[in-house]
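Each remark here refers to the structure printed beneath this line.
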Amino acid sequence: MKILFVASEGLPFSKTGGLADVVEALPKALVAGGHEVAVVLPRYRGTKATAVLMPSLTIPMGGTRLRFPAIADGAQLNGVRYYFVDDPEYFDRDGLYGSSIGEYPDNAERYAEFCRAAIEVAKHVWPADVIHCHDWQTALVPVLLRTSYGDDPLMKDVPVVFSIHNMGYHGQFTKDVLERVGIPPSVFHPGGLEFFGNVNLLKGGLVYSDYLTTVSRKYAQEIQTPEYGHGLDGVVRSRADRLVGILNGVDYTAWNPEKDRLIAVTYSAKDLSGKQVCKQDLLKVFGLSPEHLSRPLIGIVSRFADQKGFDLIAEKAHELMREDLVLVVLGSGERKYEDLFRALAAAYPGRVGVKIAYDNLLAHKVEAGADLFLMPSRYEPSGLNQMYSLKYGTVPIVRATGGLDDSIEPFDVEHGTGTGFKFKEYTGEALLSAIRQALHHYMDERIWKRIQLNGMGKDFSWKTAAVEYAKLYEAVRALRGSGQAARGVSWPAQSSGRAATGSGQTGRGAGQATRNQKPAGTSN
Ligand code: ADP
Ligand code: GLC
């Protein structure tokens with residue numbers, strides 16, 4: 001099968017968050033499963049291309065306005081073909097989605113051009129059996145295929161799968177954007193892209209795609225509720241028969257303490273001694289005293305966004321620091337959280353190490369050197385760091401939401417089972433109590449090693465998820481082929497516990513850190 005990925009970021013070319021990890025690893029896993037995969041990405045600053053495939057595409061942008069991006073060839077990497085939409089005025093910028101001032105004001109134009117160009121790649125360069133789109137930046141692909149391309153015999157029936165990596169980012173714009181970027185006005189109605197008088201691109205993806213996926217089973221259920229639906233839960237519910245949750249995987253070629261070249265020394269489940277050396281190195285890199293080697297070290301690596309639950313840490317910071325622990329924080333994003341962690345570092349010098357940065361090398365060092373990894377997310381579609389942590393023998397403390405809930409089993413001292421510590425209520429008290437429970441078990445070396453080994457033994461590789469996606473692509477092709485592209489046909493029975501229908505049966509430098517769009521609910 002030929003699968004074309006369309007995404008706004010993807011390693012090794014561009015990244016602000018986990019989407020980029022997924023857009024690198026899932027195509028690789030599909031190729032390993034015998035499929036052909038190409039990925040279309042914007043050509044951001046620093047993205048190297050090997051050749052120009054199409055020097056000038058004509059892209060209509062509304063009214064009489066046209067743009068002329070090139071399609072650049074990114075060659076083949078790990079068996080995956082890469083194409084870049086090259087329009088320097090739009091994409092050769094410091095950040096991907098915005099700068100320190102905020103999001104780029106022309107994001108609608110940028111990603112509308114990108115979506116149309118991606119469709120042209122599918123039409124002229126790399127004809128696909130299925131197109132797989134990701135998040136709001138690519139939502140115009142299904143919308144345009146079923147409208148502007150509705151009479152195009154080559155494109156009108158190409159099936160589209162749309163993955164929701166984060167319901168909190170809508171790509172919401174005022175109504176005039178329709179005319180500005182050339183979206184057919186016929187889609188502006190409550191059953192289409194209209195959202196309380198505005199244009200909501202994510203909603204377009206949800207409504208016009210043949211099938212929806214999200215990145216964990218739990219999140220597939222959560223987004224059907226008002227608490228997690230960001231105002232679009234009704235739309236998701238109306239498509240529940242076309243929604244599946246497939247937990248993200250881990251690329252163990254990049255995240256594995258046995259082979260990781262970015263950490264001080266490698267180590268394995270058989271011999272964990274190297275982990276202490278990594279802890280020593282981490283303390284040094286964060287300017288903390290080597291005396292802390294025997295104290296529990298809690299690590300955080302994150303975008304700083306409301307989603308990540310750091311207000312709970314703010315609430316209980318001083319109580320937390322009364323515990324005998326060391327805290328290491330790597331992240332960047334919203335100013336209030338940068339200030340929070342800077343203030344903590346100032347209040348507890350030598351015990352709290354903070355780096356406000358986006359730094360992959362440091363991210364690996366934290367994974368390897370920390371004893372515990374904290375993710376108190378308010379919501380978390382999948383989350384990757386908790387799964388990376390498991391492999392590094394770094395015990396996760398997580399809130400039981402989305403992919404965190406699906407991937408972390410609470411430790412059960414009686415049976416010696418479980419991989420981490422979870423709390424449910426979104427309160428500072430619940431967070432503190434989970435941390436205290438973890439610290440209590442940390443004191444017993446034998447128990448602690450049990451928890452570490454339980455986690456290190458887990459396999460979250462992409463293989464299983466790739467098989468689920470491949471089945472889904474086949475099913476979607478069959479739906480389109482049989483003319484049943486509308487609704488009402490259920491997804492075939494699941495063969496693995498990692499995926500489930502969301503219908504309740506079973507169940508991103510200046511700019512780098514500002515994830516795709518303002519969270520829903522904020523004005524644009
Ligand atoms: P999200 O996509 O919501 O940010 P994920 O857990 O899915 O959350 O993925 C985050 C990815 O970004 C991980 O690969 C993580 O290591 C990386 N990351 C996040 N913050 C930083 C940072 N400050 N420096 C380096 N890598 C980071
Ligand atoms: C989003 C989510 C995160 C998920 C990632 C990749 O950024 O916040 O939970 O892991 O996408 O799917």
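Identifiers in this document derive from the order of the structure tokens: chains are assigned A, B, ..., residues are numbered from 1 separately in each chain, and ligands are numbered from 1 in order of occurrence.
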Test item: residues at most 9 Å from range 190-207 of chain A, only C-alpha atoms, excluding those fewer than 4 positions along its chain, as a VMD selection string
chain A and resid 108 133 to 143 162 to 164 167 169 to 178 186 211 to 212 231 to 232 235 to 236 239
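Every protein or nucleic acid residue with an atom no more than 10 Å from Leu330 in chain A, counting only C-alpha atoms and leaving out same-chain residues fewer than 4 positions away, appears here: Phe286, Gly299, Ile300, Val301, Ser302, Arg303, Phe304, Glu338, Phe341, Gly353, Val354, Lys355, Ile356, Ala357, Tyr358, Asp359, Asn360, Leu362, Ala363 and Val366 of chain A.
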What do you get as a count of residues only if you pick all residues at most 9 Å from ligand 1, counting only C-alpha atoms and all ligand atoms?
48
Which residue gives the smallest distance to Ala430 in chain A among A:Val413, A:Ala470, A:Met321, A:Leu312, with only C-alpha atoms counted?
A:Leu312
In range 162-312 of chain A, what's alpha helix (DSSP H) per DSSP? Answer as an MDAnalysis selection string?
chainID A and resid 177:181 201:208 217:222 226:229 233:238 273:285 310:312
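Counting only C-alpha atoms and all ligand atoms, the residue from A:Leu144, A:Leu431, A:Leu404, A:Ala346 that sits nearest to ligand 2 is A:Leu404.
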Taking the DSSP assignment computed from this structure's backbone, write out as a ChimeraX atom specification all residues of range 282-408 of chain A that belong to strand (DSSP E).
/A:297-304,326-333,352-356,372-375,395-399
Determine, counting only C-alpha atoms, which protein, DNA and RNA residues have an atom within 12 Å of an atom of Lys458 in chain A; residues of the same chain fewer than 2 positions away are not included. Present the result as a short mmCIF file (atom, residue, chain, number, x, y, z; two decimals) with N, CA and C atoms, in the first residue's frame.
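And here is the file that came out, result02.cif:
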data_model
loop_
_atom_site.label_atom_id
_atom_site.label_comp_id
_atom_site.auth_asym_id
_atom_site.auth_seq_id
_atom_site.Cartn_x
_atom_site.Cartn_y
_atom_site.Cartn_z
N GLY A 249 3.92 4.79 19.74
CA GLY A 249 5.00 3.88 20.13
C GLY A 249 6.26 4.66 20.44
N VAL A 250 7.32 3.90 20.65
CA VAL A 250 8.64 4.49 20.92
C VAL A 250 9.59 4.03 19.83
N TYR A 252 12.84 2.88 19.43
CA TYR A 252 13.93 2.42 20.30
C TYR A 252 15.31 2.54 19.64
N ALA A 269 19.10 -3.32 31.52
CA ALA A 269 18.37 -3.91 32.66
C ALA A 269 19.26 -4.90 33.40
N GLN A 386 6.89 9.51 29.02
CA GLN A 386 6.69 8.49 30.05
C GLN A 386 7.10 7.11 29.54
N MET A 387 6.92 6.91 28.22
CA MET A 387 7.31 5.61 27.66
C MET A 387 8.83 5.55 27.47
N TYR A 388 9.44 6.69 27.09
CA TYR A 388 10.91 6.74 27.03
C TYR A 388 11.46 6.43 28.42
N SER A 389 10.86 7.05 29.44
CA SER A 389 11.33 6.88 30.82
C SER A 389 11.36 5.41 31.22
N LEU A 390 10.30 4.69 30.87
CA LEU A 390 10.24 3.28 31.25
C LEU A 390 11.49 2.55 30.77
N LYS A 391 11.86 2.80 29.53
CA LYS A 391 13.01 2.09 28.95
C LYS A 391 14.30 2.44 29.68
N TYR A 392 14.36 3.65 30.24
CA TYR A 392 15.59 4.11 30.90
C TYR A 392 15.60 3.78 32.39
N GLY A 393 14.61 3.00 32.84
CA GLY A 393 14.54 2.66 34.26
C GLY A 393 14.26 3.87 35.12
N SER A 407 -0.50 3.81 29.31
CA SER A 407 0.84 3.23 29.22
C SER A 407 1.49 2.94 30.58
N ILE A 408 0.96 3.52 31.65
CA ILE A 408 1.59 3.32 32.96
C ILE A 408 0.67 2.53 33.88
N GLU A 409 1.21 1.44 34.40
CA GLU A 409 0.45 0.61 35.36
C GLU A 409 0.88 0.99 36.76
N THR A 417 3.92 -5.90 40.89
CA THR A 417 3.63 -5.55 39.50
C THR A 417 3.49 -4.03 39.36
N GLY A 418 3.54 -3.58 38.12
CA GLY A 418 3.32 -2.16 37.86
C GLY A 418 4.61 -1.44 37.51
N THR A 419 4.44 -0.30 36.84
CA THR A 419 5.60 0.38 36.28
C THR A 419 5.78 1.82 36.77
N ILE A 451 10.47 -2.15 40.35
CA ILE A 451 9.66 -1.22 39.55
C ILE A 451 10.42 -0.83 38.27
N GLN A 452 11.70 -0.54 38.44
CA GLN A 452 12.50 -0.16 37.27
C GLN A 452 12.50 -1.27 36.21
N LEU A 453 12.73 -2.50 36.69
CA LEU A 453 12.82 -3.62 35.74
C LEU A 453 11.46 -3.90 35.10
N ASN A 454 10.40 -3.73 35.86
CA ASN A 454 9.06 -3.90 35.26
C ASN A 454 8.91 -2.97 34.06
N GLY A 455 9.33 -1.73 34.23
CA GLY A 455 9.19 -0.75 33.16
C GLY A 455 10.13 -1.03 32.01
N MET A 456 11.37 -1.39 32.34
CA MET A 456 12.37 -1.62 31.27
C MET A 456 11.98 -2.81 30.40
N PHE A 460 7.02 -0.93 23.94
CA PHE A 460 6.09 0.00 23.30
C PHE A 460 6.57 0.34 21.89
N SER A 461 7.23 -0.62 21.25
CA SER A 461 7.75 -0.31 19.91
C SER A 461 6.58 -0.05 18.94
#
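When only C-alpha atoms and all ligand atoms are used to compute distances to ligand 2, the closest of the residues A:Asp86, A:Glu24, A:Glu323, A:Glu474 turns out to be A:Glu24.
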For a quick check of understanding, using only C-alpha atoms and all ligand atoms, which of A:Val326, A:Val31, A:Val215, A:Ala478 has the smallest distance to ligand 2?
A:Val215
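With only C-alpha atoms as the atoms that count, the residue of A:Asp129, A:Glu319, A:Glu334, A:Glu89 with the shortest distance to Arg110 in chain A is A:Glu89.
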Would you list the contacts of Ile298 in chain A as a ChimeraX atom specification, taking every protein, DNA or RNA residue within 10 Å and counting only C-alpha atoms, but skipping same-chain residues closer than 3 positions in sequence?
/A:295,325-329,352,366,369-374,394-397,435,439
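Restricting the calculation to only C-alpha atoms and all ligand atoms, the smallest distance between ligand 2 and any of A:Ala343, A:Ile71, A:Ala7, A:Val125 is found for A:Ala7.
For the pair CA of Thr225 in chain A and CA of Leu472 in chain A, the interatomic distance is 24.1 Å.
Residues in contact range of Gly350 in chain A, defined as at most 8 Å between only C-alpha atoms, with sequence neighbours fewer than 3 positions away removed, read Gly287, Leu288, Ser289, Ala345 and Gly353 of chain A.
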